[in-house]
Amino acid sequence: MRQVVTQRPSGLPEGRPAVARPAGLRPGWLVAGLAAVLVALVAGVSLGPVSLPPGSVAVELLNLLPGVGLDSGLTEREIAIITELRLPRAVLGLLVGGLLALAGGAYQGVFRNPLADPYLLGVAAGAGLAVTVVITIGGAGGANTGLPVTVPLAAFVGAIGAVTLTYLLGSAGGRSRSPATLILAGVAVSAFLSAGQTYLLQRNADSIQQVYAWLLGRLATAGWHDVWLVLPYFLLTAVVVLLHRRELDVLSVGDDEATSLGLHPQRSRYLLIAAASLGTAAAVSASGLIGFVGIIVPHAVRLLAGSSYRVILPLSMLFGGAFLALTDVIARTAAAPEEIPIGVVTALLGGPFFVLVLRSARRVLG
Amino acid sequence: MSAPAVAVRDLRVRLAGVPILTGVDLSVAAGEWVTVIGPNGAGKSTLLRAVGGLLPTEGAVSLFGTPIQQLCRRDRARVVATVAQSPVVPAGMSVLDYVLLGRTPYIAPLGRESTADLAAAHDVLDRLDLTGFHARELATLSGGERQRVFLARAFAQGATLLLLDEPTSALDIGHQQDVLELVDQLRRAHGLTVVATMHDLSIAGEYADRMVLLADGHVAAVGSPREVLTTELLARHYRATVKVIDGEHGPLVVPVRPASAPDGVLGRC
């Protein structure tokens with residue numbers, strides 16, 4: 001028998017020039033992500049019907065930190081525009097965009113499916129039906145939205161209810177349940193709930209405009225109340241998902257191999273689904289259905305920065321937030337004084353943006 | 001006397017209600033190489049998955065004297081490493097990152113690799129002549145290189161029992177020998193126990209200390225390659241016509257055309 005392998009001494013040979021590092025978030029990318037968030041925040045606060053100098057805005061943002069009291073040169077009215085109108089809206093954009101992109105990235109890892117998005121398990125259909133019910137039978141609208149005040153709560157309850165239904169349906173197969181059965185259950189639940197919503201709209205045609213105003217996404221009425229409402233869910237989702245980022249890399253080799261490596265794939269999967277769905281439901285309740293962010297941002301990060309979930313998840317959260325906050329600037333300035341629904345802008349910008357990323361990645365990666 | 005590496009008693013497995021294994025008994029000594037053979041659908045892969053604790057089973061499976069149910073998943077992963085027949089190749093994952101997955105049983109839940117894990121992965125890459133491959137994307141490697149990386153991930157687990165499901169099925173004959181020689185060298189150097197399934201009976205017989213012939217979910221024969229690779233047993237369980245030739249390292253099985261096969265069947269169409 002021929003000797004095909006040369007036995008080499010075990011252990012690390014002395015004088016190795018540099019030990020290669022495992023996949024992880026490189027400092028350069030982290031700085032880029034944080035810079036994108038900062039730029040989006042300053043742009044979101046500076047731009048609008050009343051333009052404010054970005055430098056002065058940056059100074060006012062610094063003034064929010066304890067112990068800082070710099071002179072920005074802005075009037076009381078301008079400072080009020082920043083702190084009461086634009087800042088909560090920009091912050092909510094960052095939180096919602098970050099949540100949707102983080103949830104989308106987590107879903108893609110959990111289901112090992114690049115087409116997974118945060119609405120895969122029925123969040124959109126559940127929230128959509130619940131909001132339609134509230135609008136068609138809910139009576140009076142809110143002070144400045146034209147929508148019943150119970151819409152955010154209804155959206156949240158509808159989204160969570162739909163995911164729960166999907167889970168129960170997908171788990172009905174006992175041992176035969178798999179990620180695929182959960183996705184199929186999500187498709188069935190979404191179709192069922194969407195049919196109910198369509199029927200309701202068909203019977204109440206006068207509510208269509210209001211329902212679509214919500215369906216297309218909106219940050220127009222964002223206030224600090226919405227920020228405080230979404231923030232706990234953002235923190236919970238971010239902590240759970242980011243702590244599992246290495247497990248998602250292990251899950252990428254399949255359930256059998258992940259089990260043979262000592263993991264509980266089902267346990268990790270359902271915990272991640274619960275966290276991502278809760279975060280998505282909170283985002284939807286605050287801003288309606290905003291598409292594209294949850295699928296495009298994780299893919300763009302994957303193409304540019306690497307395919308490990310240790311890279312994809314934190315960067316998706318940062319760039320997803322920045323992307324949505326910047327998109328909101330366009331939504332409210334492109335056709336001022338009218339606002340374009342933000343969901344329309346994310347779809348209009350997201351497609352070309354992704355093509356650009358795809359071309360850049362091909363050029364860089366050869 | 002030390003406990004066997006694998007002790008299987010009256011093992012029964014049903015998949016989707018269909019009985020796949022129907023009362024298998026098997027004992028593998030520590031340091032032994034046992035190859036499981038059998039026709040398609042005999043239950044070879046199922047047996048390996050059951051020994052690896054990847055399936056719900058009836059009967060008893062013990063690893064090094066400990067019933068498998070008493071081992072938590074992380075402890076079990078430190079004892080037994082599995083290389084599947086067609087492992088999933090994650091898109092974009094580097095060789096180093098893939099091998100580091102093998103350190104998962106040593107990394108705290110929700111934790112990350114330590115310097116010791118990184119050193120262990122580099123050590124395995126060195127031993128398997130993969131040092132220059134650490135930054136390469138796994139998906140870009142050839143079949144032979146990729147199989148070495150799959151083995152590297154299993155060795156990085158530090159397990160003393162290695163379960164190999166068709167480790168050479170996608171390789172040409174040269175790479176088959178490379179991979180099996182590598183496994184045998186590491187087995188001898190580190191006292192590993194190997195349980196493998198294989199379809200190539202000649203090459204299986206050259207490396208195995210003992211062979212198990214599985215047919216219809218039960219053990220039809222067990223013994224040395226010379227005892228199992230016989231014309232009669234292979235004809236009965238594979239429905240194959242073969243000649244068994246005495247080779248230097250074991251019997252060589254050569255398929256021959258059945259004498260009764262009609263000539264020129266295609267020509268008459």
# chains A, B, ... in the order shown; residues from 1 in each chain; ligands from 1
$ interface_residues --of "chain B" --to "chain A" --cutoff "7 Å" --atoms "only C-alpha atoms" --output "MDAnalysis selection string"
chainID B and resid 54 73:74 77 81:82 88:90 92:93 96:97 101:102 104:105 110 119 122:123 127 178 182
$ write_last_selection --atoms "N, CA and C atoms" --output "PDB file, in the first residue's frame"
ATOM      1  N   LEU B  54     -28.244   9.974  17.030  1.00  0.00           N
ATOM      2  CA  LEU B  54     -28.983  10.934  16.211  1.00  0.00           C
ATOM      3  C   LEU B  54     -30.404  10.485  15.906  1.00  0.00           C
ATOM      4  N   ARG B  73     -25.591  15.821  25.368  1.00  0.00           N
ATOM      5  CA  ARG B  73     -25.138  15.972  23.981  1.00  0.00           C
ATOM      6  C   ARG B  73     -23.686  16.422  23.877  1.00  0.00           C
ATOM      7  N   ARG B  74     -23.306  17.344  24.740  1.00  0.00           N
ATOM      8  CA  ARG B  74     -21.924  17.848  24.659  1.00  0.00           C
ATOM      9  C   ARG B  74     -20.924  16.748  25.032  1.00  0.00           C
ATOM     10  N   ALA B  77     -20.683  14.344  22.213  1.00  0.00           N
ATOM     11  CA  ALA B  77     -19.922  14.888  21.085  1.00  0.00           C
ATOM     12  C   ALA B  77     -18.415  14.849  21.337  1.00  0.00           C
ATOM     13  N   ALA B  81     -17.541  11.172  17.042  1.00  0.00           N
ATOM     14  CA  ALA B  81     -17.617  12.153  15.948  1.00  0.00           C
ATOM     15  C   ALA B  81     -18.132  11.440  14.698  1.00  0.00           C
ATOM     16  N   THR B  82     -19.018  12.109  13.988  1.00  0.00           N
ATOM     17  CA  THR B  82     -19.641  11.507  12.818  1.00  0.00           C
ATOM     18  C   THR B  82     -19.288  12.291  11.560  1.00  0.00           C
ATOM     19  N   VAL B  88     -23.192  18.727   4.576  1.00  0.00           N
ATOM     20  CA  VAL B  88     -23.599  20.017   4.010  1.00  0.00           C
ATOM     21  C   VAL B  88     -22.359  20.917   3.939  1.00  0.00           C
ATOM     22  N   VAL B  89     -22.196  21.578   2.808  1.00  0.00           N
ATOM     23  CA  VAL B  89     -21.081  22.515   2.655  1.00  0.00           C
ATOM     24  C   VAL B  89     -21.652  23.927   2.755  1.00  0.00           C
ATOM     25  N   PRO B  90     -21.480  24.593   3.895  1.00  0.00           N
ATOM     26  CA  PRO B  90     -22.071  25.926   4.056  1.00  0.00           C
ATOM     27  C   PRO B  90     -21.433  26.926   3.091  1.00  0.00           C
ATOM     28  N   GLY B  92     -19.726  29.917   1.514  1.00  0.00           N
ATOM     29  CA  GLY B  92     -18.835  30.980   1.967  1.00  0.00           C
ATOM     30  C   GLY B  92     -17.991  30.644   3.183  1.00  0.00           C
ATOM     31  N   MET B  93     -18.136  29.447   3.752  1.00  0.00           N
ATOM     32  CA  MET B  93     -17.394  29.134   4.989  1.00  0.00           C
ATOM     33  C   MET B  93     -15.965  28.704   4.652  1.00  0.00           C
ATOM     34  N   LEU B  96     -10.855  26.827   7.857  1.00  0.00           N
ATOM     35  CA  LEU B  96     -10.581  26.991   9.293  1.00  0.00           C
ATOM     36  C   LEU B  96     -11.886  27.084  10.089  1.00  0.00           C
ATOM     37  N   ASP B  97     -12.832  27.877   9.591  1.00  0.00           N
ATOM     38  CA  ASP B  97     -14.094  28.022  10.324  1.00  0.00           C
ATOM     39  C   ASP B  97     -14.840  26.695  10.388  1.00  0.00           C
ATOM     40  N   LEU B 101     -15.766  24.308  13.821  1.00  0.00           N
ATOM     41  CA  LEU B 101     -17.080  23.819  14.265  1.00  0.00           C
ATOM     42  C   LEU B 101     -16.912  22.565  15.114  1.00  0.00           C
ATOM     43  N   GLY B 102     -15.854  21.807  14.819  1.00  0.00           N
ATOM     44  CA  GLY B 102     -15.590  20.590  15.592  1.00  0.00           C
ATOM     45  C   GLY B 102     -15.276  20.866  17.045  1.00  0.00           C
ATOM     46  N   THR B 104     -17.047  22.764  18.916  1.00  0.00           N
ATOM     47  CA  THR B 104     -18.299  23.172  19.566  1.00  0.00           C
ATOM     48  C   THR B 104     -18.518  22.494  20.922  1.00  0.00           C
ATOM     49  N   PRO B 105     -18.246  21.176  21.068  1.00  0.00           N
ATOM     50  CA  PRO B 105     -18.502  20.557  22.382  1.00  0.00           C
ATOM     51  C   PRO B 105     -17.644  21.131  23.510  1.00  0.00           C
ATOM     52  N   LEU B 110     -23.369  29.615  23.879  1.00  0.00           N
ATOM     53  CA  LEU B 110     -23.378  31.040  23.531  1.00  0.00           C
ATOM     54  C   LEU B 110     -21.982  31.668  23.635  1.00  0.00           C
ATOM     55  N   ALA B 119      -5.807  26.696  18.503  1.00  0.00           N
ATOM     56  CA  ALA B 119      -4.582  25.900  18.404  1.00  0.00           C
ATOM     57  C   ALA B 119      -4.913  24.452  18.027  1.00  0.00           C
ATOM     58  N   HIS B 122      -5.707  24.301  14.322  1.00  0.00           N
ATOM     59  CA  HIS B 122      -4.490  24.399  13.509  1.00  0.00           C
ATOM     60  C   HIS B 122      -3.680  23.106  13.599  1.00  0.00           C
ATOM     61  N   ASP B 123      -3.684  22.499  14.776  1.00  0.00           N
ATOM     62  CA  ASP B 123      -2.970  21.234  14.957  1.00  0.00           C
ATOM     63  C   ASP B 123      -3.547  20.178  14.021  1.00  0.00           C
ATOM     64  N   ARG B 127      -1.814  18.202  10.890  1.00  0.00           N
ATOM     65  CA  ARG B 127      -1.709  16.742  10.832  1.00  0.00           C
ATOM     66  C   ARG B 127      -2.333  16.166   9.565  1.00  0.00           C
ATOM     67  N   ASP B 178      -6.091   7.459  -0.398  1.00  0.00           N
ATOM     68  CA  ASP B 178      -5.522   8.554   0.412  1.00  0.00           C
ATOM     69  C   ASP B 178      -6.297   8.719   1.712  1.00  0.00           C
ATOM     70  N   LEU B 182      -5.149   7.734   5.525  1.00  0.00           N
ATOM     71  CA  LEU B 182      -5.091   8.812   6.518  1.00  0.00           C
ATOM     72  C   LEU B 182      -5.856   8.422   7.784  1.00  0.00           C
TER      73      LEU B 182
END
$ residues_around --residues "segment 344-348 of chain A" --least-positions-apart "3" --cutoff "9 Å" --atoms "only C-alpha atoms" --output "list of chain:residue names"
A:Leu216, A:Gly217, A:Ile290, A:Gly291, A:Phe292, A:Val293, A:Phe323, A:Leu324, A:Thr327, A:Asp328, A:Ile330, A:Ala331, A:Ile340, A:Pro341, A:Gly351, A:Pro352, A:Phe353
$ write_last_selection --atoms "N, CA and C atoms" --output "short mmCIF file (atom, residue, chain, number, x, y, z; two decimals), in the first residue's frame"
data_model
loop_
_atom_site.label_atom_id
_atom_site.label_comp_id
_atom_site.auth_asym_id
_atom_site.auth_seq_id
_atom_site.Cartn_x
_atom_site.Cartn_y
_atom_site.Cartn_z
N LEU A 216 -48.46 50.06 3.84
CA LEU A 216 -47.25 50.50 3.13
C LEU A 216 -46.18 51.06 4.06
N GLY A 217 -46.44 51.06 5.32
CA GLY A 217 -45.43 51.46 6.29
C GLY A 217 -45.41 52.95 6.51
N ILE A 290 -43.11 47.23 6.51
CA ILE A 290 -42.04 47.79 5.68
C ILE A 290 -41.27 46.61 5.10
N GLY A 291 -41.37 46.44 3.80
CA GLY A 291 -40.75 45.29 3.15
C GLY A 291 -39.31 45.57 2.77
N PHE A 292 -38.64 44.54 2.29
CA PHE A 292 -37.33 44.62 1.65
C PHE A 292 -36.15 44.71 2.62
N VAL A 293 -36.31 45.49 3.73
CA VAL A 293 -35.16 45.68 4.63
C VAL A 293 -34.70 44.33 5.18
N PHE A 323 -30.09 52.13 6.98
CA PHE A 323 -30.80 52.11 5.69
C PHE A 323 -32.22 52.65 5.84
N LEU A 324 -32.93 52.21 6.88
CA LEU A 324 -34.33 52.65 7.02
C LEU A 324 -34.40 54.12 7.43
N THR A 327 -33.76 56.03 4.33
CA THR A 327 -34.90 55.89 3.43
C THR A 327 -36.04 56.80 3.86
N ASP A 328 -36.20 56.92 5.18
CA ASP A 328 -37.27 57.79 5.69
C ASP A 328 -37.01 59.25 5.32
N ILE A 330 -35.65 60.27 2.59
CA ILE A 330 -36.09 60.39 1.19
C ILE A 330 -37.62 60.39 1.14
N ALA A 331 -38.24 59.52 1.94
CA ALA A 331 -39.70 59.41 1.92
C ALA A 331 -40.38 60.73 2.27
N ILE A 340 -44.03 60.15 0.85
CA ILE A 340 -44.21 58.88 0.13
C ILE A 340 -44.19 57.78 1.20
N PRO A 341 -45.10 56.79 1.11
CA PRO A 341 -45.04 55.69 2.10
C PRO A 341 -43.65 55.05 2.09
N GLY A 351 -34.17 47.54 -4.52
CA GLY A 351 -33.83 46.72 -5.69
C GLY A 351 -32.54 47.20 -6.34
N PRO A 352 -32.50 48.47 -6.81
CA PRO A 352 -31.26 48.97 -7.42
C PRO A 352 -30.06 48.93 -6.47
N PHE A 353 -30.32 49.20 -5.20
CA PHE A 353 -29.24 49.17 -4.21
C PHE A 353 -28.62 47.77 -4.14
#
$ residues_around --residues "Ile208 of chain A" --least-positions-apart "5" --cutoff "9 Å" --atoms "only C-alpha atoms" --output "list of chain:residue names"
A:Thr132, A:Thr136, A:Leu201, A:Gln202, A:Ala213
$ residues_around --residues "Thr168 of chain B" --least-positions-apart "2" --cutoff "10 Å" --atoms "only C-alpha atoms" --output "PyMOL selection string"
chain B and resi 85+143-144+147+164-166+170-173+175-180+197-200+203
$ select_by_dssp --residues "segment 88-262 of chain B" --states "alpha helix (DSSP H)" --output "ChimeraX atom specification"
/B:95-101,115-127,143-156,173-190,201-207,225-228,231-238
$ residues_around --residues "Ser316 of chain A" --least-positions-apart "6" --cutoff "6 Å" --atoms "only C-alpha atoms" --output "PyMOL selection string"
chain A and resi 101-102+297-298
$ closest_residue --among "B:Asp117, B:Gln157, B:Leu163, B:Pro255" --to "Gly52 of chain B" --atoms "only C-alpha atoms"
B:Leu163
$ residues_around --residues "Ser27 of chain B" --least-positions-apart "2" --cutoff "9 Å" --atoms "only C-alpha atoms" --output "PDB file with C-alpha atoms, in the first residue's frame"
ATOM      1  CA  PRO B   4     -16.150  -2.085  24.311  1.00  0.00           C
ATOM      2  CA  ALA B   5     -16.171   1.201  22.418  1.00  0.00           C
ATOM      3  CA  VAL B   6     -19.598   0.340  21.042  1.00  0.00           C
ATOM      4  CA  ALA B   7     -22.042  -2.178  22.503  1.00  0.00           C
ATOM      5  CA  VAL B   8     -25.382  -2.534  20.746  1.00  0.00           C
ATOM      6  CA  ARG B   9     -28.016  -4.944  22.040  1.00  0.00           C
ATOM      7  CA  ASP B  25     -26.413  -6.825  18.149  1.00  0.00           C
ATOM      8  CA  ALA B  29     -13.585  -3.124  20.747  1.00  0.00           C
TER       9      ALA B  29
END
$ closest_residue --among "A:Ala125, A:Leu165, A:Ile160, A:Leu248" --to "Ser190 of chain A" --atoms "only C-alpha atoms"
A:Ala125
$ residues_around --residues "Arg86 of chain A" --least-positions-apart "2" --cutoff "9 Å" --atoms "only C-alpha atoms" --output "PyMOL selection string"
chain A and resi 44-48+81-84+88-91+222-223
$ write_last_selection --atoms "C-alpha atoms" --output "mmCIF file, in the first residue's frame"
data_model
loop_
_atom_site.group_PDB
_atom_site.id
_atom_site.type_symbol
_atom_site.label_atom_id
_atom_site.label_comp_id
_atom_site.auth_asym_id
_atom_site.auth_seq_id
_atom_site.Cartn_x
_atom_site.Cartn_y
_atom_site.Cartn_z
ATOM 1 C CA GLY A 44 -32.574 62.206 9.624
ATOM 2 C CA VAL A 45 -32.554 65.098 12.058
ATOM 3 C CA SER A 46 -31.069 67.720 9.703
ATOM 4 C CA LEU A 47 -33.185 67.206 6.608
ATOM 5 C CA GLY A 48 -36.845 68.113 6.271
ATOM 6 C CA ILE A 81 -38.002 70.366 16.026
ATOM 7 C CA ILE A 82 -34.929 68.246 16.660
ATOM 8 C CA THR A 83 -35.805 66.796 20.053
ATOM 9 C CA GLU A 84 -39.583 66.438 19.750
ATOM 10 C CA PRO A 88 -37.680 60.258 17.826
ATOM 11 C CA ARG A 89 -38.560 59.580 14.191
ATOM 12 C CA ALA A 90 -34.930 58.955 13.223
ATOM 13 C CA VAL A 91 -34.358 56.786 16.307
ATOM 14 C CA ALA A 222 -43.366 58.575 15.390
ATOM 15 C CA GLY A 223 -42.845 60.040 18.825
#
